[in-house]
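Visitor: Got a file for you: protein-v5.cif, mmCIF, C-alpha atoms and all ligand atoms.
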```cif
data_model
loop_
_atom_site.label_atom_id
_atom_site.label_comp_id
_atom_site.auth_asym_id
_atom_site.auth_seq_id
_atom_site.Cartn_x
_atom_site.Cartn_y
_atom_site.Cartn_z
CA MET V 42 118.17 103.49 109.24
CA SER V 43 114.64 104.66 108.40
CA ASP V 44 112.24 102.25 106.76
CA PRO V 45 110.81 103.70 103.50
CA TYR V 46 107.80 101.35 103.80
CA ALA V 47 106.95 102.19 107.43
CA ALA V 48 104.14 104.59 106.45
CA THR V 49 102.84 102.20 103.77
CA ALA V 50 102.62 99.29 106.21
CA GLY V 51 100.09 101.08 108.43
CA ALA V 52 97.02 100.18 106.35
CA TYR V 53 98.62 98.15 103.53
CA ASP V 54 95.98 95.50 102.87
CA LEU V 55 93.11 97.97 103.24
CA LEU V 56 94.55 100.39 100.70
CA ASN V 57 95.77 97.67 98.32
CA ALA V 58 92.23 96.28 98.09
CA PRO V 59 91.25 98.10 94.83
CA TRP V 60 94.03 96.22 92.98
CA ARG V 61 93.63 92.84 94.67
CA SER V 62 91.20 91.16 92.26
CA ALA V 63 93.45 92.03 89.29
CA GLN V 64 96.48 90.70 91.18
CA ILE V 65 94.67 87.43 91.86
CA LYS V 66 93.65 87.10 88.20
CA ALA V 67 97.32 87.51 87.24
CA LEU V 68 98.41 85.00 89.89
CA GLU V 69 95.88 82.52 88.47
CA ARG V 70 97.62 82.84 85.08
CA LEU V 71 100.94 82.05 86.74
CA ARG V 72 99.63 79.08 88.70
CA PRO V 73 99.73 76.38 85.95
CA LEU V 74 103.33 77.38 85.14
CA LEU V 75 104.58 76.96 88.71
CA ARG V 76 106.88 73.97 89.21
CA PRO V 77 107.10 73.29 92.95
CA ASP V 78 109.04 70.09 92.13
CA ALA V 79 111.89 72.28 90.77
CA GLY V 80 112.39 74.28 93.96
CA ALA V 81 110.93 76.95 96.22
CA ILE V 82 108.82 79.69 94.68
CA LEU V 83 110.24 83.17 95.27
CA ASP V 84 108.09 86.07 96.44
CA VAL V 85 110.39 89.07 95.99
CA GLY V 86 109.32 92.10 98.02
CA ALA V 87 106.63 90.01 99.69
CA GLY V 88 105.15 93.01 101.52
CA SER V 89 102.32 92.09 103.87
CA GLY V 90 102.34 88.54 102.52
CA LEU V 91 99.19 88.64 100.39
CA ASN V 92 100.87 86.76 97.54
CA THR V 93 102.84 84.40 99.78
CA ALA V 94 99.55 83.44 101.46
CA TRP V 95 97.91 82.96 98.07
CA LEU V 96 100.76 80.66 96.99
CA LEU V 97 100.61 78.59 100.14
CA GLY V 98 96.86 78.15 99.69
CA ALA V 99 96.73 77.66 95.92
CA VAL V 100 99.75 75.40 95.49
CA PRO V 101 99.57 72.90 98.36
CA ASP V 102 102.94 71.26 97.61
CA ALA V 103 104.83 74.57 97.23
CA GLN V 104 107.68 75.75 99.39
CA VAL V 105 107.90 79.56 99.41
CA LEU V 106 110.94 81.77 99.87
CA ALA V 107 109.73 85.29 100.68
CA LEU V 108 112.17 88.23 100.66
CA GLU V 109 111.12 91.37 102.50
CA PRO V 110 113.71 93.97 103.57
CA SER V 111 111.28 96.41 105.27
CA PRO V 112 110.90 95.69 109.01
CA ALA V 113 107.39 97.19 109.03
CA MET V 114 106.19 95.10 106.09
CA ARG V 115 107.94 92.05 107.51
CA ALA V 116 105.92 92.40 110.70
CA LEU V 117 102.73 92.20 108.60
CA ILE V 118 103.73 89.07 106.70
CA LEU V 119 104.99 87.43 109.86
CA ALA V 120 101.65 88.09 111.58
CA ARG V 121 99.90 86.46 108.59
CA ILE V 122 102.19 83.44 108.82
CA ALA V 123 101.77 83.24 112.60
CA ALA V 124 98.04 82.67 112.12
CA HIS V 125 98.86 79.48 110.15
CA PRO V 126 101.19 77.14 112.09
CA ASP V 127 100.56 74.58 109.31
CA TRP V 128 102.63 76.86 107.01
CA TYR V 129 105.75 76.95 109.20
CA ASP V 130 107.42 74.05 107.37
CA ARG V 131 106.58 75.50 103.94
CA VAL V 132 107.65 79.14 104.08
CA THR V 133 110.87 80.99 104.84
CA LEU V 134 110.78 84.75 105.26
CA ARG V 135 114.19 86.36 104.78
CA PRO V 136 115.01 90.00 105.67
CA GLU V 137 117.54 90.53 102.85
CA ASP V 138 116.71 92.36 99.65
CA PHE V 139 116.97 90.61 96.27
CA PHE V 140 120.72 91.08 95.87
CA GLY V 141 121.52 90.43 99.54
CA ALA V 142 119.77 87.07 99.72
CA THR V 143 121.38 83.76 98.84
CA LEU V 144 118.97 82.24 96.35
CA PRO V 145 118.58 78.49 95.81
CA ALA V 146 120.21 77.08 92.65
CA SER V 147 116.82 76.12 91.26
CA ILE V 148 113.41 77.75 91.80
CA GLY V 149 109.87 76.67 90.95
CA GLY V 150 108.74 80.13 89.85
CA ALA V 151 108.77 83.72 91.06
CA ILE V 152 106.43 86.57 91.94
CA LEU V 153 107.66 90.18 91.77
CA LEU V 154 104.59 92.37 92.29
CA GLY V 155 104.94 96.06 93.09
CA VAL V 156 108.72 95.74 93.29
CA LEU V 157 110.29 95.89 89.82
CA GLY V 158 110.24 99.69 89.82
CA HIS V 159 112.71 99.69 92.70
CA PHE V 160 115.39 98.41 90.28
CA ASP V 161 117.22 100.52 87.69
CA ALA V 162 118.03 99.13 84.24
CA GLY V 163 121.28 97.46 85.32
CA GLU V 164 119.63 95.94 88.38
CA ARG V 165 116.65 94.73 86.30
CA ALA V 166 119.03 93.00 83.90
CA ALA V 167 120.71 91.30 86.87
CA VAL V 168 117.35 90.31 88.43
CA PHE V 169 116.16 88.81 85.14
CA ALA V 170 119.45 86.92 84.71
CA GLU V 171 119.24 85.50 88.25
CA LEU V 172 115.67 84.32 87.57
CA ALA V 173 116.49 82.88 84.14
CA ASN V 174 119.42 80.92 85.58
CA ARG V 175 117.20 79.32 88.21
CA LEU V 176 113.83 78.73 86.52
CA PRO V 177 113.17 75.33 84.94
CA ASP V 178 112.34 75.07 81.22
CA GLY V 179 108.67 76.05 80.94
CA GLY V 180 108.82 77.91 84.26
CA ALA V 181 107.77 81.52 84.71
CA ALA V 182 107.87 84.65 86.83
CA LEU V 183 105.02 87.14 87.29
CA ILE V 184 105.91 90.85 87.24
CA ASP V 185 103.99 94.10 86.98
CA LEU V 186 104.92 97.42 85.37
CA GLN V 187 103.27 100.17 87.28
CA GLN V 188 101.27 102.99 85.71
CA PRO V 189 101.86 105.43 84.16
CA GLU V 190 103.50 103.47 81.35
CA ARG V 191 105.71 106.48 80.53
CA PRO V 192 107.01 108.77 83.29
CA GLU V 193 104.74 111.81 83.37
CA PRO V 194 103.48 114.10 86.16
CA VAL V 195 100.72 112.61 88.28
CA GLN V 196 98.56 115.23 90.02
CA ALA V 197 97.71 114.62 93.67
CA ALA V 198 94.63 112.40 93.83
CA THR V 199 92.97 109.89 96.12
CA MET V 200 94.18 106.48 94.97
CA ALA V 201 92.33 104.39 97.56
CA SER V 202 89.92 105.03 100.39
CA THR V 203 88.27 102.57 102.76
CA ARG V 204 85.97 103.06 105.72
CA VAL V 205 86.40 100.86 108.78
CA GLY V 206 83.93 101.61 111.53
CA GLU V 207 83.85 105.35 112.15
CA LEU V 208 87.15 106.11 110.42
CA GLU V 209 88.28 106.43 106.82
CA TYR V 210 91.73 105.36 105.62
CA ARG V 211 92.87 107.28 102.55
CA LEU V 212 95.87 107.13 100.24
CA ILE V 213 96.80 110.22 98.22
CA GLY V 214 99.45 109.80 95.54
CA GLU V 215 101.31 112.25 93.33
CA ALA V 216 104.46 112.02 91.24
CA ILE V 217 106.94 114.21 89.41
CA PRO V 218 109.33 113.09 86.65
CA MET V 219 113.00 112.83 87.63
CA GLY V 220 114.46 112.27 84.16
CA ASP V 221 114.95 109.02 82.19
CA ASP V 222 112.40 106.42 83.36
CA ARG V 223 112.05 107.71 86.96
CA LEU V 224 109.18 109.26 88.88
CA ARG V 225 109.45 110.58 92.42
CA TRP V 226 106.25 109.38 94.09
CA ARG V 227 104.90 111.08 97.19
CA MET V 228 102.37 108.93 99.03
CA THR V 229 100.33 110.34 101.92
CA TYR V 230 98.47 108.00 104.24
CA LEU V 231 95.65 109.51 106.27
CA SER V 232 93.18 108.29 108.82
CA LEU V 233 90.19 110.58 109.13
CA GLU V 234 87.07 111.08 111.19
CA GLY V 235 84.88 112.91 108.72
CA GLU V 236 87.34 115.44 107.25
CA ARG V 237 89.29 115.72 110.53
CA VAL V 238 92.75 114.21 110.03
CA LEU V 239 93.69 111.92 112.93
CA THR V 240 96.98 110.59 111.54
CA GLU V 241 99.02 111.62 108.52
CA GLU V 242 102.21 109.98 107.26
CA THR V 243 104.05 110.71 104.05
CA THR V 244 106.75 108.74 102.26
CA GLU V 245 108.61 109.26 98.99
CA HIS V 246 110.01 106.66 96.58
CA VAL V 247 111.92 107.10 93.36
CA TYR V 248 110.38 104.48 91.11
CA HIS V 249 111.40 103.31 87.62
CA HIS V 250 108.73 103.14 84.92
CA PRO V 251 110.51 101.39 82.04
CA ALA V 252 108.66 101.09 78.72
CA PRO V 253 107.18 97.65 78.03
CA ALA V 254 109.44 97.29 74.95
CA THR V 255 112.49 97.95 77.13
CA VAL V 256 111.52 95.28 79.64
CA THR V 257 110.68 92.82 76.86
CA ALA V 258 114.14 93.36 75.33
CA GLU V 259 115.89 93.07 78.72
CA ALA V 260 114.08 89.79 79.40
CA ALA V 261 114.83 88.43 75.93
CA ALA V 262 118.54 89.18 76.45
CA VAL V 263 118.64 86.47 79.14
CA GLY V 264 116.31 84.01 77.40
CA LEU V 265 112.99 85.02 78.97
CA THR V 266 109.92 85.69 76.80
CA ALA V 267 107.67 88.46 78.09
CA GLU V 268 103.90 87.99 77.70
CA ARG V 269 101.54 90.80 78.63
CA LEU V 270 98.40 89.52 80.35
CA ASP V 271 95.20 90.86 78.76
CA ALA V 272 96.43 94.46 78.22
CA THR V 273 96.97 94.83 81.98
CA THR V 274 100.06 95.95 83.87
CA TYR V 275 100.88 92.28 84.56
CA TRP V 276 103.41 90.27 82.57
CA LEU V 277 104.64 86.68 82.62
CA LEU V 278 108.33 86.09 81.92
CA HIS V 279 108.57 82.57 80.47
CA ARG V 280 111.70 80.48 80.46
CA ARG V 281 111.19 78.44 77.26
C1 LIG S 1 104.59 97.92 96.85
S1 LIG S 1 105.21 96.73 97.95
C2 LIG S 1 104.53 95.25 97.22
C3 LIG S 1 104.29 94.16 98.21
C4 LIG S 1 103.71 92.87 97.65
N1 LIG S 1 104.58 92.29 96.65
C5 LIG S 1 102.34 93.07 97.09
O1 LIG S 1 102.17 92.88 95.87
O2 LIG S 1 101.40 93.35 97.86
C6 LIG S 1 106.94 96.60 97.47
C7 LIG S 1 107.76 95.78 98.43
O3 LIG S 1 109.06 95.55 97.87
C8 LIG S 1 110.04 95.61 98.89
N2 LIG S 1 111.35 95.91 98.28
C9 LIG S 1 111.87 97.12 97.94
N3 LIG S 1 113.10 96.97 97.39
C10 LIG S 1 113.36 95.63 97.38
C11 LIG S 1 114.48 94.85 96.96
N4 LIG S 1 115.57 95.42 96.42
N5 LIG S 1 114.42 93.50 97.12
C12 LIG S 1 113.32 92.93 97.66
N6 LIG S 1 112.23 93.63 98.07
C13 LIG S 1 112.24 94.95 97.94
C14 LIG S 1 109.52 96.70 99.82
O4 LIG S 1 110.08 96.61 101.11
C15 LIG S 1 108.02 96.49 99.77
O5 LIG S 1 107.53 95.68 100.81
#
```
Mind turning the file's structure into C-alpha cells?
Ligand SMILES: C[S@@+](CC[C@H](N)C(=O)[O-])C[C@H]1O[C@@H](n2cnc3c(N)ncnc32)[C@H](O)[C@@H]1O
Guide:
Amino acid sequence: MSDPYAATAGAYDLLNAPWRSAQIKALERLRPLLRPDAGAILDVGAGSGLNTAWLLGAVPDAQVLALEPSPAMRALILARIAAHPDWYDRVTLRPEDFFGATLPASIGGAILLGVLGHFDAGERAAVFAELANRLPDGGAALIDLQQPERPEPVQAATMASTRVGELEYRLIGEAIPMGDDRLRWRMTYLSLEGERVLTEETTEHVYHHPAPATVTAEAAAVGLTAERLDATTYWLLHRR
C-alpha cells in the first residue's frame, strides 16, 4: 500500500521549521499539565519525532508512547531515537494508527499536532472520548486546528523554503473545498538548483477543518474543556 506521507518525509524537519517556534510555545503551555506519574504520554501521529524528542528532553521522568503509521515518517523518528540510546527505556514507537493501537488504561497527557484533521467528526468524537477516559483529573492534551479556520480555496503558494548548501527545498501548497469541513490539499515538494527542479514529489490529503466551536462542543460532550492558546491554532483540552 502506498504511504501518503512518503513525499512529506523527504525534507520534513526543514520544511516544518517556520512553524516550530510556535509549536514549542504551545508545548511549553502543556508541560505543567503533564502527569508522567499517571502513565505514558501519547504522541499521536508522531511524524519525524520532533515532539517526542521535546517530551523526552523537557520531562525527564516521562515515558512516551508514540504512534506513527507512515513507514517513511517512522524511519525519521526512529533515526532520531537511535541517536539517543539513553531514551530506549523511555519511548515506545508503535506502527499502528490511533484506532489500531492498544492504548494504556491511564495516560499522563497527549500531543496531537498536525493530525486532528485526518479524523472526521465521528472519529474526532471517538478520539476525544478515548483521551478523556484515560487522562487524570487536571490532565490535558494539546491539539491544533489547521488553517484556514473555515474550508475555503487556497491558491498555490510557497509555504516553506529553505536553502541547504547549493540547493533549495521548497513546499508549495494548494487546496480546494470538498464539501462540509473538508479540503483536498495538494502538497508539492521540490528540491531546486536555482530554478532548475532536481526532484519533485506531490501528495494529496483530504483534511478536515472543523470550526473551533464544533471542536469545543465535541470536547465538552466527553468532559474536556477546550482552551485556545493566545489566539493561535493551538488548543489545550483539559480534563477537569
Ligand atoms: C503533519 S504530520 C505531523 C507530525 C508531527 N505530529 C509534528 O507535529 O511534526 C501528521 C502525522 O500524522 C500521522 N497520521 C495520519 N493519520 C493518523 C492516524 N489515524 N493515527 C495516528 N497518526 C496518524 C501521519 O502519518 C503523519 O506522520
Visitor: Distance atom CA of V:Thr229-atom CA of V:Thr274, one decimal place?
Guide: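 If I compute the distance from atom CA of V:Thr229 to atom CA of V:Thr274, I get 23.1 Å.
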Visitor: Go through V:Ala116, V:Glu193, V:Glu209, V:Val105 one by one, measure the shortest atom-to-atom distance of each to V:Gly149 using all atoms listed in the file, and give the residue with the smallest value.
Guide: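 Nearest to V:Gly149: V:Val105.
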Visitor: Considering all atoms listed in the file, can you say which of V:Ala142, V:Val195, V:Ala166, V:Ala81 comes closest to ligand LIG 1 (chain S)?
Guide: V:Ala142
Visitor: May I ask which of the residues V:Met219, V:Met114, V:Ile65, V:Leu208 is the closest one to ligand LIG 1 (chain S), counting all atoms listed in the file?
Guide: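 Nearest to ligand LIG 1 (chain S): V:Met114.
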Visitor: Which is closest to V:Gln64 among V:Tyr210, V:Phe140, V:Trp276, V:Tyr46, if we use all atoms listed in the file?
Guide: V:Trp276
Visitor: Smallest atom-to-atom distance to ligand LIG 1 (chain S): which of V:Glu69, V:Glu164, V:Glu259, V:Asp127, using all atoms listed in the file?
Guide: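 Among the listed residues, the smallest separation from ligand LIG 1 (chain S) belongs to V:Glu164.
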Visitor: Which centre and edge lengths in Å to one decimal define the box along x, y and z that fits every listed atom of ligand LIG 1 (chain S) plus 6 Å per side, as lines of an AutoDock Vina configuration file?
Guide:
```
center_x = 108.5
center_y = 95.1
center_z = 98.5
size_x = 26.2
size_y = 17.6
size_z = 17.2
```
Visitor: If you count all atoms listed in the file, which residues end up within 7 Å of ligand LIG 1 (chain S), as an mmCIF file with C-alpha atoms, in the frame of the given file?
Guide:
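File produced: result.cif:
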```cif
data_model
loop_
_atom_site.group_PDB
_atom_site.id
_atom_site.type_symbol
_atom_site.label_atom_id
_atom_site.label_comp_id
_atom_site.auth_asym_id
_atom_site.auth_seq_id
_atom_site.Cartn_x
_atom_site.Cartn_y
_atom_site.Cartn_z
ATOM 1 C CA TYR V 46 107.800 101.350 103.800
ATOM 2 C CA VAL V 85 110.390 89.070 95.990
ATOM 3 C CA GLY V 86 109.320 92.100 98.020
ATOM 4 C CA ALA V 87 106.630 90.010 99.690
ATOM 5 C CA GLY V 88 105.150 93.010 101.520
ATOM 6 C CA SER V 89 102.320 92.090 103.870
ATOM 7 C CA GLY V 90 102.340 88.540 102.520
ATOM 8 C CA LEU V 91 99.190 88.640 100.390
ATOM 9 C CA ASN V 92 100.870 86.760 97.540
ATOM 10 C CA LEU V 108 112.170 88.230 100.660
ATOM 11 C CA GLU V 109 111.120 91.370 102.500
ATOM 12 C CA PRO V 110 113.710 93.970 103.570
ATOM 13 C CA SER V 111 111.280 96.410 105.270
ATOM 14 C CA MET V 114 106.190 95.100 106.090
ATOM 15 C CA ASP V 138 116.710 92.360 99.650
ATOM 16 C CA PHE V 139 116.970 90.610 96.270
ATOM 17 C CA PHE V 140 120.720 91.080 95.870
ATOM 18 C CA LEU V 153 107.660 90.180 91.770
ATOM 19 C CA LEU V 154 104.590 92.370 92.290
ATOM 20 C CA GLY V 155 104.940 96.060 93.090
ATOM 21 C CA VAL V 156 108.720 95.740 93.290
ATOM 22 C CA HIS V 159 112.710 99.690 92.700
ATOM 23 C CA PHE V 160 115.390 98.410 90.280
#
```
Visitor: With only C-alpha atoms as the counted atoms, please give the residues lying no more than 12 Å from V:His249, apart from itself and same-chain residues fewer than 2 positions off, as a VMD selection string.
Guide: chain V and resid 155 to 165 185 to 193 216 to 226 246 to 247 251 to 253 255 to 256
Visitor: Take the point (99.2, 77.2, 89.8) in the file's coordinates, draw a sphere of radius 9 Å around it, and report as a list in words every protein, DNA or RNA residue with an atom inside or on it, counting all atoms listed in the file.
Guide: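 Those residues, ordered by chain and then number, are Leu68, Glu69, Arg70, Leu71, Arg72, Pro73, Leu74, Leu75, Arg76, Leu96, Ala99 and Val100 of chain V.
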Visitor: Can you find the residues with an atom no farther than 12 Å from (105.5, 86.3, 81.9), counting all atoms listed in the file, and report them as a ChimeraX atom specification?
Guide: /V:67-68,70-72,74-75,150-153,169,172-173,179-186,256-257,260-261,264-271,274-281
Visitor: To one decimal in Å, tell me the separation between atom CA of V:Leu231 and atom CA of V:Ala52.
Guide: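 Going from atom CA of V:Leu231 over to atom CA of V:Ala52, I get 9.4 Å.
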